[in-house]
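Everything below concerns the one structure shown next.
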Amino acid sequence: MKNNIDNIIKKAIEKVTRNYNVLELNEDDTLEAFGIKSILLFSFITELESSLNIEFNPIDISPLNFESISAVRLLIKKYVTSI
């Protein structure tokens, strides 16, 4: 399941940043380290929603839930039980 989630996150990062050389995601990586902040964060969230066919609750769209790769994984697991 973790690999599937990582692939979805990686594809969203690549699409939003147009950087197709994202090789590995580490637990403590921040989205900002990939160049995702402010307006790109909105695009990243939209891309995740589209890829997963979900809609995040506005309450869950907070900096803490998108602070690191591990935080994004946890949020995705909250919405998607089987990937």
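Ordering of the structure tokens sets the chain letters (A, B, ...), residue numbers begin anew at 1 in every chain, and ligands are numbered from 1 in the order given.
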* Which polymer residues have any atom within 12 Å of an atom of range 48-54 of chain A, counting only C-alpha atoms, with same-chain residues fewer than 5 positions away left out, as a ChimeraX atom specification? -> /A:4-16,41-43,61,66,72-73,75-83
* **Members of chain A assigned alpha helix (DSSP H) by DSSP, as a PyMOL selection string** => chain A and resi 2-17+39-52+69-79
Writing out the chosen residues with N, CA and C atoms as a compact mmCIF listing (two decimals), in the first residue's frame:
```txt
# COMPACT_ATOMS: atom_id res chain seq x y z
N LYS A 2 1.96 1.24 0.80
CA LYS A 2 2.83 2.41 0.88
C LYS A 2 3.42 2.76 -0.48
N ASN A 3 3.83 1.75 -1.25
CA ASN A 3 4.40 2.01 -2.57
C ASN A 3 3.38 2.64 -3.50
N ASN A 4 2.13 2.17 -3.43
CA ASN A 4 1.08 2.76 -4.27
C ASN A 4 0.83 4.21 -3.90
N ILE A 5 0.76 4.48 -2.60
CA ILE A 5 0.57 5.86 -2.15
C ILE A 5 1.75 6.72 -2.59
N ASP A 6 2.97 6.20 -2.41
CA ASP A 6 4.15 6.95 -2.82
C ASP A 6 4.13 7.25 -4.32
N ASN A 7 3.71 6.29 -5.12
CA ASN A 7 3.63 6.52 -6.56
C ASN A 7 2.64 7.62 -6.90
N ILE A 8 1.51 7.65 -6.22
CA ILE A 8 0.52 8.70 -6.44
C ILE A 8 1.08 10.06 -6.03
N ILE A 9 1.72 10.11 -4.88
CA ILE A 9 2.32 11.37 -4.40
C ILE A 9 3.41 11.82 -5.38
N LYS A 10 4.26 10.88 -5.79
CA LYS A 10 5.35 11.19 -6.71
C LYS A 10 4.82 11.74 -8.03
N LYS A 11 3.80 11.10 -8.58
CA LYS A 11 3.22 11.57 -9.85
C LYS A 11 2.60 12.96 -9.70
N ALA A 12 1.97 13.21 -8.55
CA ALA A 12 1.39 14.54 -8.31
C ALA A 12 2.50 15.59 -8.22
N ILE A 13 3.59 15.27 -7.53
CA ILE A 13 4.73 16.19 -7.42
C ILE A 13 5.29 16.47 -8.81
N GLU A 14 5.49 15.41 -9.59
CA GLU A 14 6.06 15.57 -10.92
C GLU A 14 5.16 16.41 -11.82
N LYS A 15 3.86 16.17 -11.76
CA LYS A 15 2.94 16.91 -12.63
C LYS A 15 2.88 18.38 -12.25
N VAL A 16 2.82 18.65 -10.96
CA VAL A 16 2.69 20.04 -10.49
C VAL A 16 3.98 20.82 -10.70
N THR A 17 5.13 20.19 -10.45
CA THR A 17 6.40 20.92 -10.54
C THR A 17 7.05 20.78 -11.91
N ILE A 39 0.75 28.52 -4.06
CA ILE A 39 -0.14 28.23 -5.18
C ILE A 39 0.08 26.83 -5.73
N LEU A 40 1.31 26.35 -5.72
CA LEU A 40 1.58 24.98 -6.16
C LEU A 40 1.00 23.96 -5.20
N LEU A 41 0.89 24.31 -3.93
CA LEU A 41 0.29 23.40 -2.96
C LEU A 41 -1.18 23.16 -3.33
N PHE A 42 -1.88 24.20 -3.72
CA PHE A 42 -3.27 24.05 -4.15
C PHE A 42 -3.34 23.12 -5.36
N SER A 43 -2.45 23.29 -6.31
CA SER A 43 -2.42 22.42 -7.49
C SER A 43 -2.10 20.98 -7.09
N PHE A 44 -1.18 20.80 -6.15
CA PHE A 44 -0.81 19.48 -5.66
C PHE A 44 -2.02 18.80 -5.02
N ILE A 45 -2.75 19.52 -4.18
CA ILE A 45 -3.94 18.97 -3.53
C ILE A 45 -4.98 18.58 -4.57
N THR A 46 -5.19 19.45 -5.54
CA THR A 46 -6.15 19.17 -6.61
C THR A 46 -5.74 17.94 -7.40
N GLU A 47 -4.46 17.80 -7.67
CA GLU A 47 -3.95 16.64 -8.41
C GLU A 47 -4.15 15.36 -7.60
N LEU A 48 -3.90 15.40 -6.31
CA LEU A 48 -4.14 14.22 -5.47
C LEU A 48 -5.61 13.84 -5.47
N GLU A 49 -6.47 14.83 -5.31
CA GLU A 49 -7.91 14.55 -5.32
C GLU A 49 -8.34 13.91 -6.63
N SER A 50 -7.83 14.42 -7.71
CA SER A 50 -8.16 13.88 -9.03
C SER A 50 -7.63 12.46 -9.19
N SER A 51 -6.39 12.23 -8.79
CA SER A 51 -5.78 10.90 -8.93
C SER A 51 -6.47 9.85 -8.08
N LEU A 52 -6.92 10.26 -6.91
CA LEU A 52 -7.54 9.33 -5.98
C LEU A 52 -9.06 9.29 -6.08
N ILE A 69 6.04 14.32 3.56
CA ILE A 69 5.55 13.16 2.81
C ILE A 69 4.79 12.23 3.74
N SER A 70 5.30 12.00 4.94
CA SER A 70 4.60 11.10 5.87
C SER A 70 3.24 11.66 6.26
N ALA A 71 3.12 12.96 6.41
CA ALA A 71 1.83 13.57 6.74
C ALA A 71 0.84 13.41 5.59
N VAL A 72 1.32 13.56 4.36
CA VAL A 72 0.45 13.37 3.19
C VAL A 72 0.00 11.92 3.11
N ARG A 73 0.91 10.98 3.37
CA ARG A 73 0.55 9.56 3.37
C ARG A 73 -0.58 9.28 4.36
N LEU A 74 -0.43 9.81 5.58
CA LEU A 74 -1.45 9.59 6.60
C LEU A 74 -2.80 10.16 6.18
N LEU A 75 -2.78 11.33 5.58
CA LEU A 75 -4.03 11.94 5.13
C LEU A 75 -4.68 11.09 4.04
N ILE A 76 -3.88 10.61 3.10
CA ILE A 76 -4.43 9.77 2.03
C ILE A 76 -5.02 8.49 2.63
N LYS A 77 -4.35 7.89 3.59
CA LYS A 77 -4.86 6.67 4.23
C LYS A 77 -6.19 6.93 4.93
N LYS A 78 -6.38 8.13 5.41
CA LYS A 78 -7.65 8.50 6.07
C LYS A 78 -8.81 8.45 5.07
N TYR A 79 -8.54 8.80 3.82
CA TYR A 79 -9.59 8.89 2.82
C TYR A 79 -9.71 7.63 1.95
```
* To do: State, in Å with one decimal place, the distance from CA of Arg18 in chain A to CA of Ser68 in chain A.
  =>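 That distance, rounded to one decimal, is 19.3 Å.
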* What is the distance between CA of Leu31 in chain A and CA of Asn57 in chain A, in Å to one decimal? ->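 Between CA of Leu31 in chain A and CA of Asn57 in chain A the gap is 19.7 Å.
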